[in-house]
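Reproduced below: model.cif, with mmCIF, C-alpha atoms.
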data_run
loop_
_atom_site.label_atom_id
_atom_site.label_comp_id
_atom_site.auth_asym_id
_atom_site.auth_seq_id
_atom_site.Cartn_x
_atom_site.Cartn_y
_atom_site.Cartn_z
CA MET A 1 24.57 116.79 -10.30
CA THR A 2 28.20 116.15 -9.77
CA THR A 3 29.55 112.70 -9.32
CA HIS A 4 33.16 112.08 -8.54
CA GLU A 5 33.10 108.89 -10.54
CA SER A 6 33.34 109.84 -14.16
CA ARG A 7 33.85 106.44 -15.63
CA SER A 8 30.78 106.39 -17.76
CA PRO A 9 31.75 106.24 -21.38
CA ALA A 10 29.95 108.78 -23.52
CA GLY A 11 26.97 107.47 -25.40
CA LEU A 12 26.36 104.29 -23.44
CA ILE A 13 23.74 102.37 -25.41
CA LEU A 14 21.60 99.78 -23.69
CA PRO A 15 18.66 97.69 -24.86
CA ASP A 16 15.39 97.74 -22.96
CA TYR A 17 13.53 94.52 -22.18
CA GLN A 18 9.79 94.63 -22.90
CA ARG A 19 7.55 94.68 -19.86
CA ASP A 20 4.54 92.42 -20.17
CA GLU A 21 2.42 92.69 -17.04
CA GLN A 22 -0.69 91.32 -18.82
CA SER A 23 0.71 87.81 -19.15
CA HIS A 24 1.65 87.39 -15.54
CA PRO A 25 -0.41 86.72 -12.43
CA ALA A 26 -0.86 89.39 -9.79
CA LEU A 27 1.35 88.79 -6.77
CA ASP A 28 -1.77 89.30 -4.66
CA THR A 29 -4.08 86.52 -5.78
CA PRO A 30 -6.50 85.89 -2.87
CA GLU A 31 -7.71 82.54 -4.23
CA TYR A 32 -4.15 81.25 -3.74
CA ARG A 33 -4.03 81.53 0.02
CA SER A 34 -0.26 81.41 0.39
CA SER A 35 0.04 84.67 -1.53
CA ALA A 36 -1.69 86.64 1.25
CA LEU A 37 1.38 87.25 3.40
CA ARG A 38 3.86 86.95 0.56
CA HIS A 39 3.16 89.83 -1.76
CA PRO A 40 4.45 93.38 -1.39
CA LYS A 41 1.66 95.80 -0.48
CA GLN A 42 3.52 98.97 -1.43
CA PRO A 43 3.63 99.87 -5.12
CA LEU A 44 6.64 98.52 -6.96
CA GLN A 45 9.28 101.08 -7.91
CA TYR A 46 10.21 101.45 -11.55
CA LEU A 47 13.63 99.99 -12.29
CA PRO A 48 15.19 101.17 -15.54
CA HIS A 49 17.15 98.60 -17.53
CA TYR A 50 20.75 99.51 -16.93
CA LEU A 51 23.86 97.35 -17.03
CA THR A 52 22.89 95.06 -14.16
CA GLU A 53 19.48 94.38 -15.70
CA ILE A 54 20.59 93.73 -19.29
CA THR A 55 23.27 91.29 -18.20
CA GLY A 56 22.72 88.10 -16.28
CA PRO A 57 24.27 84.86 -15.14
CA LEU A 58 25.54 82.71 -18.00
CA LEU A 59 25.57 79.32 -16.37
CA GLY A 60 27.38 76.88 -18.58
CA GLN A 61 27.29 73.23 -19.49
CA ASP A 62 29.42 72.51 -16.43
CA ARG A 63 26.24 72.91 -14.39
CA CYS A 64 24.79 69.79 -16.01
CA GLY A 65 25.79 66.23 -15.27
CA VAL A 66 25.51 63.61 -18.02
CA HIS A 67 22.16 62.24 -16.78
CA ASP A 68 20.62 65.51 -15.69
CA HIS A 69 18.35 65.81 -18.73
CA ASP A 70 17.05 62.23 -18.33
CA LEU A 71 15.18 61.81 -15.04
CA THR A 72 14.55 58.13 -15.80
CA VAL A 73 18.19 57.00 -15.64
CA GLN A 74 19.37 58.76 -12.50
CA HIS A 75 19.01 55.65 -10.32
CA ASP A 76 19.67 51.92 -10.54
CA GLY A 77 16.15 51.04 -11.60
CA GLU A 78 13.52 52.66 -13.77
CA PRO A 79 10.94 54.93 -12.20
CA LEU A 80 7.28 53.92 -12.22
CA GLY A 81 4.87 55.74 -14.47
CA GLU A 82 4.31 56.91 -17.97
CA ARG A 83 7.63 57.78 -19.65
CA ILE A 84 7.48 61.04 -21.57
CA ILE A 85 9.74 63.22 -23.65
CA VAL A 86 9.27 66.93 -23.03
CA SER A 87 10.91 69.18 -25.57
CA GLY A 88 10.57 72.54 -27.19
CA ARG A 89 12.30 75.83 -27.81
CA VAL A 90 13.16 78.76 -25.63
CA LEU A 91 12.43 81.98 -27.50
CA ASP A 92 12.18 85.63 -26.61
CA SER A 93 9.16 87.77 -27.33
CA GLY A 94 10.90 89.05 -30.45
CA GLY A 95 10.80 85.48 -31.76
CA LYS A 96 14.54 84.99 -31.37
CA PRO A 97 15.81 81.69 -29.96
CA VAL A 98 17.60 81.87 -26.63
CA PRO A 99 20.67 79.62 -27.00
CA ASN A 100 22.96 78.19 -24.32
CA THR A 101 20.76 78.96 -21.38
CA LEU A 102 20.22 76.75 -18.36
CA VAL A 103 16.78 75.13 -18.05
CA GLU A 104 15.93 73.44 -14.76
CA ILE A 105 12.89 71.32 -13.92
CA TRP A 106 11.44 69.75 -10.79
CA GLN A 107 8.29 67.71 -10.33
CA ALA A 108 6.32 65.12 -8.38
CA ASN A 109 6.61 61.44 -9.21
CA SER A 110 3.89 59.48 -11.04
CA ALA A 111 1.96 59.05 -7.78
CA GLY A 112 1.90 62.77 -7.12
CA ARG A 113 4.57 62.80 -4.42
CA TYR A 114 7.62 65.04 -4.22
CA LEU A 115 10.90 63.86 -2.77
CA HIS A 116 10.76 66.70 -0.26
CA GLN A 117 10.58 66.66 3.51
CA GLY A 118 7.65 69.03 3.48
CA ASP A 119 5.46 66.78 1.33
CA ARG A 120 2.97 64.99 3.58
CA HIS A 121 0.80 63.47 0.85
CA PRO A 122 0.79 59.75 1.69
CA ALA A 123 1.35 58.64 -1.89
CA PRO A 124 4.40 56.39 -2.31
CA LEU A 125 7.87 57.74 -2.94
CA ASP A 126 9.64 56.14 -5.88
CA PRO A 127 13.21 55.09 -5.01
CA ASN A 128 14.11 55.46 -8.66
CA PHE A 129 12.86 58.98 -9.15
CA SER A 130 14.21 62.22 -7.69
CA GLY A 131 12.24 64.58 -9.89
CA THR A 132 14.91 67.11 -10.84
CA GLY A 133 16.56 67.79 -14.17
CA ARG A 134 18.78 70.26 -15.96
CA CYS A 135 19.84 70.93 -19.51
CA MET A 136 21.19 73.72 -21.66
CA THR A 137 19.42 74.96 -24.76
CA ASP A 138 21.37 74.37 -27.95
CA ALA A 139 22.36 77.02 -30.48
CA GLU A 140 18.75 77.16 -31.79
CA GLY A 141 17.19 77.36 -28.33
CA ASN A 142 16.06 73.71 -28.22
CA TYR A 143 15.77 71.81 -24.96
CA GLN A 144 14.75 68.23 -24.23
CA PHE A 145 14.04 66.17 -21.11
CA VAL A 146 13.08 62.55 -20.62
CA THR A 147 10.95 62.07 -17.52
CA ILE A 148 7.81 60.50 -16.06
CA LYS A 149 4.42 62.13 -16.25
CA PRO A 150 3.83 63.62 -12.79
CA GLY A 151 0.68 62.73 -10.85
CA ALA A 152 -1.87 65.18 -9.50
CA TYR A 153 -1.81 65.71 -5.74
CA PRO A 154 -4.11 67.14 -3.08
CA TRP A 155 -3.30 70.25 -1.10
CA ARG A 156 -5.12 72.33 1.44
CA ASN A 157 -5.81 75.55 -0.38
CA HIS A 158 -9.58 74.99 -0.59
CA ASP A 159 -12.07 72.15 -0.21
CA ASN A 160 -10.73 69.05 -1.98
CA ALA A 161 -8.10 71.10 -3.81
CA TRP A 162 -5.86 69.16 -6.21
CA ARG A 163 -3.00 70.47 -8.28
CA PRO A 164 -3.23 69.58 -11.97
CA ALA A 165 -0.22 67.55 -13.14
CA HIS A 166 2.63 69.98 -13.81
CA ILE A 167 6.37 70.29 -14.23
CA HIS A 168 8.12 73.33 -12.78
CA PHE A 169 10.51 75.13 -15.12
CA SER A 170 13.22 77.63 -14.21
CA LEU A 171 14.94 79.67 -16.91
CA PHE A 172 17.67 82.27 -16.71
CA GLY A 173 17.67 83.59 -20.25
CA GLN A 174 20.57 85.90 -20.98
CA ALA A 175 19.64 88.90 -18.87
CA PHE A 176 18.49 89.49 -15.31
CA THR A 177 15.23 90.78 -16.77
CA GLN A 178 14.57 87.49 -18.57
CA ARG A 179 14.55 85.26 -15.48
CA LEU A 180 11.37 83.17 -15.48
CA ILE A 181 9.91 80.52 -13.20
CA THR A 182 6.85 78.82 -14.62
CA GLN A 183 4.92 75.55 -14.74
CA MET A 184 4.13 73.35 -17.71
CA TYR A 185 0.71 71.69 -17.70
CA PHE A 186 -0.72 68.81 -19.74
CA PRO A 187 -3.52 69.14 -22.29
CA GLY A 188 -7.09 68.36 -21.27
CA ASP A 189 -6.49 68.20 -17.53
CA PRO A 190 -9.85 68.11 -15.70
CA LEU A 191 -8.35 69.89 -12.68
CA PHE A 192 -7.64 73.23 -14.36
CA HIS A 193 -10.93 74.88 -13.42
CA GLN A 194 -10.39 74.58 -9.65
CA ASP A 195 -6.68 75.38 -9.49
CA PRO A 196 -5.93 78.88 -8.17
CA ILE A 197 -2.30 78.79 -9.27
CA PHE A 198 -3.12 78.00 -12.91
CA ASN A 199 -6.02 80.47 -12.82
CA SER A 200 -3.93 83.21 -11.23
CA VAL A 201 -3.16 83.98 -14.87
CA ARG A 202 -6.36 85.86 -15.70
CA ASP A 203 -6.13 85.90 -19.48
CA GLU A 204 -7.33 82.66 -21.05
CA ARG A 205 -4.90 82.85 -23.95
CA ALA A 206 -2.03 83.38 -21.51
CA ARG A 207 -3.15 80.32 -19.52
CA GLU A 208 -3.10 78.30 -22.72
CA ARG A 209 0.54 79.24 -23.17
CA MET A 210 1.35 77.12 -20.11
CA ILE A 211 -0.22 73.97 -21.60
CA SER A 212 1.99 71.64 -23.60
CA ARG A 213 0.66 69.75 -26.62
CA PHE A 214 0.77 66.03 -27.22
CA ASP A 215 3.03 65.40 -30.20
CA LEU A 216 2.66 62.06 -31.97
CA ASP A 217 5.54 62.81 -34.34
CA THR A 218 8.16 62.77 -31.61
CA THR A 219 6.84 59.84 -29.61
CA VAL A 220 9.14 56.81 -29.56
CA PRO A 221 7.30 53.56 -30.34
CA GLU A 222 6.99 51.16 -27.40
CA TRP A 223 9.00 53.54 -25.23
CA ALA A 224 7.72 57.08 -24.64
CA LEU A 225 4.94 59.56 -25.30
CA SER A 226 5.90 63.08 -26.20
CA TYR A 227 4.86 66.60 -25.31
CA LYS A 228 6.05 69.79 -26.97
CA TRP A 229 6.21 73.09 -25.16
CA ASP A 230 7.83 76.33 -26.25
CA ILE A 231 8.74 78.85 -23.58
CA VAL A 232 8.82 82.57 -24.36
CA LEU A 233 10.91 84.95 -22.27
CA ARG A 234 10.68 88.69 -22.60
CA GLY A 235 12.69 90.18 -25.44
CA SER A 236 14.75 93.31 -25.92
CA GLN A 237 13.30 96.32 -27.65
CA ALA A 238 15.04 98.44 -30.22
CA THR A 239 18.15 100.04 -28.86
CA VAL A 240 17.67 103.45 -27.33
CA PHE A 241 20.25 106.12 -28.02
CA GLU A 242 20.97 108.42 -25.13
CA ASP A 243 22.26 111.92 -25.42
CA GLU A 244 25.83 112.10 -24.38
CA GLU A 245 25.82 114.98 -21.94
CA ASP A 246 22.52 116.73 -22.19
CA ASP A 247 20.38 115.46 -19.36
CA ASP A 248 17.81 118.20 -19.01
CA GLU A 249 15.64 117.80 -22.05
CA MET B 1 1.14 93.49 -41.80
CA SER B 2 3.95 91.40 -40.46
CA ALA B 3 4.49 87.90 -41.76
CA SER B 4 4.24 86.39 -38.31
CA THR B 5 3.22 87.77 -34.96
CA PRO B 6 5.96 87.67 -32.34
CA PRO B 7 5.20 85.10 -29.64
CA ALA B 8 3.62 86.23 -26.38
CA THR B 9 5.44 85.69 -23.11
CA THR B 10 4.93 82.54 -21.05
CA PRO B 11 3.31 83.49 -17.73
CA SER B 12 5.15 83.25 -14.43
CA GLN B 13 4.11 80.72 -11.78
CA THR B 14 5.27 80.00 -8.24
CA VAL B 15 8.27 77.80 -7.44
CA GLY B 16 6.16 76.20 -4.70
CA PRO B 17 5.14 74.17 -2.95
CA PHE B 18 8.27 72.06 -3.05
CA TYR B 19 11.34 73.79 -4.44
CA ALA B 20 14.90 72.83 -3.60
CA LEU B 21 14.58 69.09 -3.94
CA PRO B 22 17.46 67.14 -2.38
CA GLY B 23 20.57 67.07 -4.49
CA GLY B 24 18.75 68.70 -7.32
CA ILE B 25 18.00 72.29 -8.03
CA LEU B 26 20.42 73.94 -5.64
CA TRP B 27 24.12 73.35 -6.11
CA ALA B 28 26.67 73.30 -3.32
CA GLU B 29 28.58 76.48 -4.07
CA GLY B 30 25.35 78.37 -4.68
CA PRO B 31 25.82 81.10 -2.07
CA GLU B 32 29.55 81.47 -2.72
CA VAL B 33 29.90 84.07 -5.43
CA VAL B 34 33.59 84.14 -4.55
CA ALA B 35 35.75 81.56 -2.80
CA ASP B 36 36.53 81.86 0.88
CA GLY B 37 39.70 83.91 1.32
CA THR B 38 39.16 86.11 -1.74
CA PRO B 39 40.60 89.57 -0.94
CA GLY B 40 37.84 91.99 -0.04
CA SER B 41 35.26 89.25 0.40
CA PHE B 42 32.61 89.33 3.10
CA LEU B 43 29.39 87.62 4.05
CA LEU B 44 26.11 89.24 3.13
CA ARG B 45 23.55 87.71 5.46
CA GLY B 46 19.88 88.30 6.03
CA ARG B 47 16.44 86.92 6.77
CA LEU B 48 13.40 86.66 4.56
CA VAL B 49 10.20 87.39 6.50
CA ASP B 50 6.54 87.48 5.49
CA GLY B 51 3.75 89.90 6.28
CA ALA B 52 3.21 88.42 9.74
CA GLY B 53 6.88 88.87 10.53
CA ASP B 54 7.38 85.11 10.36
CA PRO B 55 10.38 83.58 8.63
CA VAL B 56 9.95 82.26 5.11
CA PRO B 57 11.70 78.89 5.38
CA ASP B 58 10.95 77.71 1.85
CA GLY B 59 12.27 80.58 -0.22
CA VAL B 60 15.25 81.04 -2.49
CA VAL B 61 17.27 84.23 -2.79
CA GLU B 62 19.43 84.86 -5.86
CA ILE B 63 21.89 87.70 -6.42
CA TRP B 64 23.51 89.14 -9.53
CA GLN B 65 26.20 91.78 -9.44
CA ALA B 66 29.25 93.30 -11.11
CA ASP B 67 32.76 92.55 -9.89
CA ALA B 68 34.80 94.90 -7.72
CA GLN B 69 35.77 96.97 -10.76
CA GLY B 70 32.16 97.30 -11.89
CA ARG B 71 32.46 94.79 -14.74
CA PHE B 72 30.29 91.96 -15.95
CA ASP B 73 31.39 88.97 -17.95
CA HIS B 74 28.57 89.23 -20.44
CA PRO B 75 28.33 89.89 -24.19
CA ASP B 76 25.69 92.61 -23.76
CA ASP B 77 27.92 94.75 -21.60
CA PRO B 78 29.01 97.24 -24.28
CA ARG B 79 32.18 98.33 -22.52
CA PRO B 80 35.46 97.10 -23.94
CA GLU B 81 36.92 95.56 -20.80
CA SER B 82 35.35 92.36 -19.66
CA SER B 83 35.62 90.45 -16.45
CA SER B 84 35.92 86.75 -15.92
CA TRP B 85 33.70 86.30 -13.01
CA GLN B 86 30.36 84.70 -12.48
CA GLY B 87 28.58 87.29 -10.34
CA PHE B 88 25.72 84.93 -9.47
CA GLY B 89 24.71 83.44 -6.13
CA ARG B 90 21.76 81.34 -5.04
CA CYS B 91 20.79 80.42 -1.50
CA PRO B 92 17.78 78.55 -0.12
CA THR B 93 16.40 80.05 3.08
CA ASP B 94 16.77 78.02 6.27
CA ALA B 95 14.19 77.30 8.98
CA ASP B 96 14.68 80.82 10.33
CA GLY B 97 14.32 82.43 6.90
CA GLY B 98 18.07 82.99 6.86
CA PHE B 99 20.22 83.25 3.74
CA TRP B 100 23.84 84.20 3.09
CA PHE B 101 26.28 84.94 0.29
CA ARG B 102 30.04 85.27 0.17
CA THR B 103 30.86 88.02 -2.23
CA VAL B 104 32.75 91.27 -2.80
CA LYS B 105 31.43 94.79 -3.11
CA PRO B 106 30.72 95.60 -6.75
CA GLY B 107 32.19 98.71 -8.31
CA PRO B 108 30.10 101.66 -9.50
CA LEU B 109 28.49 101.39 -12.93
CA PRO B 110 27.96 103.86 -15.75
CA ALA B 111 24.34 104.54 -16.69
CA PRO B 112 22.88 106.23 -19.77
CA GLY B 113 22.92 110.00 -19.78
CA GLY B 114 26.25 110.19 -18.01
CA ALA B 115 24.83 109.07 -14.67
CA THR B 116 26.66 106.71 -12.36
CA GLU B 117 25.02 103.94 -10.41
CA ALA B 118 26.27 103.41 -6.88
CA PRO B 119 27.60 99.95 -6.00
CA HIS B 120 24.59 97.66 -5.81
CA ILE B 121 23.58 94.02 -5.93
CA ASN B 122 20.40 92.91 -7.68
CA VAL B 123 18.29 90.43 -5.74
CA THR B 124 15.58 87.99 -6.83
CA VAL B 125 13.29 86.43 -4.23
CA LEU B 126 11.36 83.24 -5.03
CA ALA B 127 9.06 81.35 -2.71
CA ARG B 128 5.90 79.33 -2.39
CA GLY B 129 3.09 81.89 -2.38
CA MET B 130 4.89 84.18 -4.85
CA LEU B 131 3.39 83.92 -8.29
CA ASN B 132 6.10 86.15 -9.70
CA ARG B 133 9.60 86.59 -8.44
CA VAL B 134 10.15 89.87 -6.63
CA VAL B 135 13.23 92.00 -7.18
CA THR B 136 15.12 94.35 -4.91
CA ARG B 137 18.59 95.87 -4.61
CA VAL B 138 21.24 95.97 -1.93
CA TYR B 139 23.15 99.26 -1.53
CA PHE B 140 26.03 99.93 0.85
CA PRO B 141 25.90 102.35 3.78
CA ASP B 142 29.51 103.50 3.35
CA GLU B 143 28.82 104.92 -0.14
CA GLU B 144 26.97 108.05 0.86
CA ARG B 145 28.01 110.26 -2.04
CA ALA B 146 27.49 107.56 -4.64
CA ASN B 147 24.14 106.60 -3.13
CA ALA B 148 23.00 110.23 -3.17
CA ALA B 149 23.74 110.41 -6.90
CA ASP B 150 22.34 106.99 -7.78
CA PRO B 151 19.64 107.33 -10.45
CA VAL B 152 17.55 104.48 -9.00
CA LEU B 153 17.88 105.15 -5.28
CA SER B 154 17.03 108.80 -5.81
CA THR B 155 13.58 107.82 -7.13
CA VAL B 156 12.76 105.97 -3.91
CA ASP B 157 10.81 107.69 -1.13
CA PRO B 158 13.51 108.87 1.34
CA ALA B 159 11.52 107.35 4.20
CA ARG B 160 11.88 103.90 2.59
CA ARG B 161 15.41 104.12 1.19
CA GLY B 162 16.84 102.57 4.33
CA THR B 163 15.25 99.24 3.42
CA LEU B 164 17.69 99.02 0.50
CA LEU B 165 20.79 99.70 2.59
CA ALA B 166 22.76 96.83 4.05
CA THR B 167 24.02 97.34 7.60
CA PRO B 168 27.54 96.40 8.69
CA ASP B 169 28.02 93.47 11.01
CA ASP B 170 30.97 91.46 12.28
CA GLN B 171 31.34 89.36 9.13
CA GLY B 172 30.28 91.82 6.49
CA TYR B 173 26.77 93.12 6.00
CA ARG B 174 23.20 92.29 6.92
CA PHE B 175 20.29 92.72 4.55
CA ASP B 176 16.86 91.58 5.71
CA ILE B 177 14.03 91.27 3.22
CA ARG B 178 10.53 92.02 4.51
CA ILE B 179 7.92 91.06 1.95
CA GLN B 180 5.24 93.22 3.55
CA GLY B 181 4.38 94.91 6.84
CA ASP B 182 6.22 97.59 8.77
CA ASP B 183 9.45 98.42 6.98
CA GLU B 184 8.39 96.55 3.86
CA THR B 185 11.44 96.30 1.62
CA VAL B 186 11.28 98.40 -1.52
CA PHE B 187 10.68 96.09 -4.47
CA PHE B 188 11.10 96.99 -8.11
CA ALA B 189 9.05 96.54 -11.24
CA ILE B 190 11.41 95.41 -13.92
#

Entire entry expressed as structure tokens:
Amino acid sequence: MTTHESRSPAGLILPDYQRDEQSHPALDTPEYRSSALRHPKQPLQYLPHYLTEITGPLLGQDRCGVHDHDLTVQHDGEPLGERIIVSGRVLDSGGKPVPNTLVEIWQANSAGRYLHQGDRHPAPLDPNFSGTGRCMTDAEGNYQFVTIKPGAYPWRNHDNAWRPAHIHFSLFGQAFTQRLITQMYFPGDPLFHQDPIFNSVRDERARERMISRFDLDTTVPEWALSYKWDIVLRGSQATVFEDEEDDDE
Amino acid sequence: MSASTPPATTPSQTVGPFYALPGGILWAEGPEVVADGTPGSFLLRGRLVDGAGDPVPDGVVEIWQADAQGRFDHPDDPRPESSSWQGFGRCPTDADGGFWFRTVKPGPLPAPGGATEAPHINVTVLARGMLNRVVTRVYFPDEERANAADPVLSTVDPARRGTLLATPDDQGYRFDIRIQGDDETVFFAI
């Protein structure tokens, strides 16, 4: 095959990010009704991990305002509800911390209501709570938010469906292949068994990886409870060496 | 017998039902990968539609791409020259499923084995109802030779390749994303 562009340096060496289909839900999960019209029906095409896939947006500290990590001080007054500290580490599946990466969260208020025009649940809005936060992981991959424990809320997926309390997390990692959107749940929630989004993850151990743990050691007396939750993005495999010119082996 | 087992990946979940909270998750310059007036810049516009052909008004489209010379500003790009550009755009869909980006056409990229990737933009689609993000690529119709030699595009069924090609319009290019149905966009497993 001839290509007129001959810019490729000989011996380009790229890492490969581990694929981990078992952990993730199927796009087509019939119990979650909204997935019906929103999953591709054709088989996905294999995309090798080339330069665009092993690089990714490095969104810096300038994305974060001073109060972005503390959702309880973003307004004049204090939000209603149970103040909590949510912290943990962002790691890759090789066990390496992911430093300096943007972590974003969004959530309902303590009454189970989102500040969103589409939310029709007649629970009260809290004028002192917007429900969004941002922070960067530090050099060891640590993140921390101060927020309010979100309430459960009803939705129309099935008879008397209620979402377990959860906080949405968005992570970029350091490569396009590491991008992850997930939800953090709280231990012992009685609503897990009927929630099709939580249960879209078929493997029980994988579901448990979405549940934070109560952590007495990092609570702050007379001020906040504390939950710890580590997030694991996919990691890069051993570097693959490519033959320089021989492409027919 | 390793000392400790590497941790297993955290599962993906949907962004829904209520992403894009006011003043929160989406920042103002999100769709503007480059500033208005940047030489060579254009608008890449499209619609996100579901399996019934209806607009997806509560989705988010993100793009990631090299600069016009085919460079990334990233430590894992092994090439000596670096770029100082962000390469990232994020746009919530509107009531009609519409999204847009202001960007420039990326340069071609070297691939292992001496191959060359045609100019392309990687795309992530997020929405209520999607338990995982889905990923596709935008290619350019005026790059016929490069597209023909592209190591990814060449693995796609010729009958479906057109879904990955932007089409020119008066302000740049159009690229519609059809999650399923007739002309379902080709999506990639990464």

Apply the PyMOL selection byres ((chain A) within 7 of (chain B)) to the file shown and report the selected residues as JSON, numbers by chain.
{"A": [3, 7, 8, 10, 12, 13, 23, 24, 25, 27, 34, 35, 37, 38, 39, 40, 41, 44, 45, 46, 47, 50, 51, 52, 54, 55, 56, 57, 93, 94, 95, 115, 116, 132, 168, 177, 180, 181, 182, 183, 206, 209, 210, 231, 232, 233, 234, 242, 243, 244, 245, 247]}

One decimal, Å: what's the distance from CA of Cys64 (chain A) over to CA of Thr147 (chain A), could you say?
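Here the two named atoms are 15.9 Å from each other.
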
Matched chain/residue IDs from the PyMOL selection byres ((chain B and resi 169-175) around 7), as a ChimeraX atom specification:
/B:42-46,166-168,176-177

Output the residue selection produced by the PyMOL selection byres ((chain B and resi 91) around 8) on the file above, formatted as a VMD selection string.
chain B and resid 26 30 to 31 60 to 62 89 to 90 92 to 93 99 to 101

Give me the residues within 10 Å of Glu208 (chain A) as a PyMOL selection string, counting all atoms listed in the file and dropping any in the same chain fewer than 3 places off.
(chain A and resi 185+187+198+201+203-205+211-212) or (chain B and resi 10-11)

Skipping near chain neighbours, those fewer than 6 positions away, what residues fall within 6 Å of region 103-105 of chain B using all atoms listed in the file, listed as a PyMOL selection string?
chain B and resi 33-34+40-42+68

Counting only C-alpha atoms, the option among A:Glu31, A:Asp195, A:Asp189, A:Glu140 closest to Pro154 (chain A)
A:Asp195
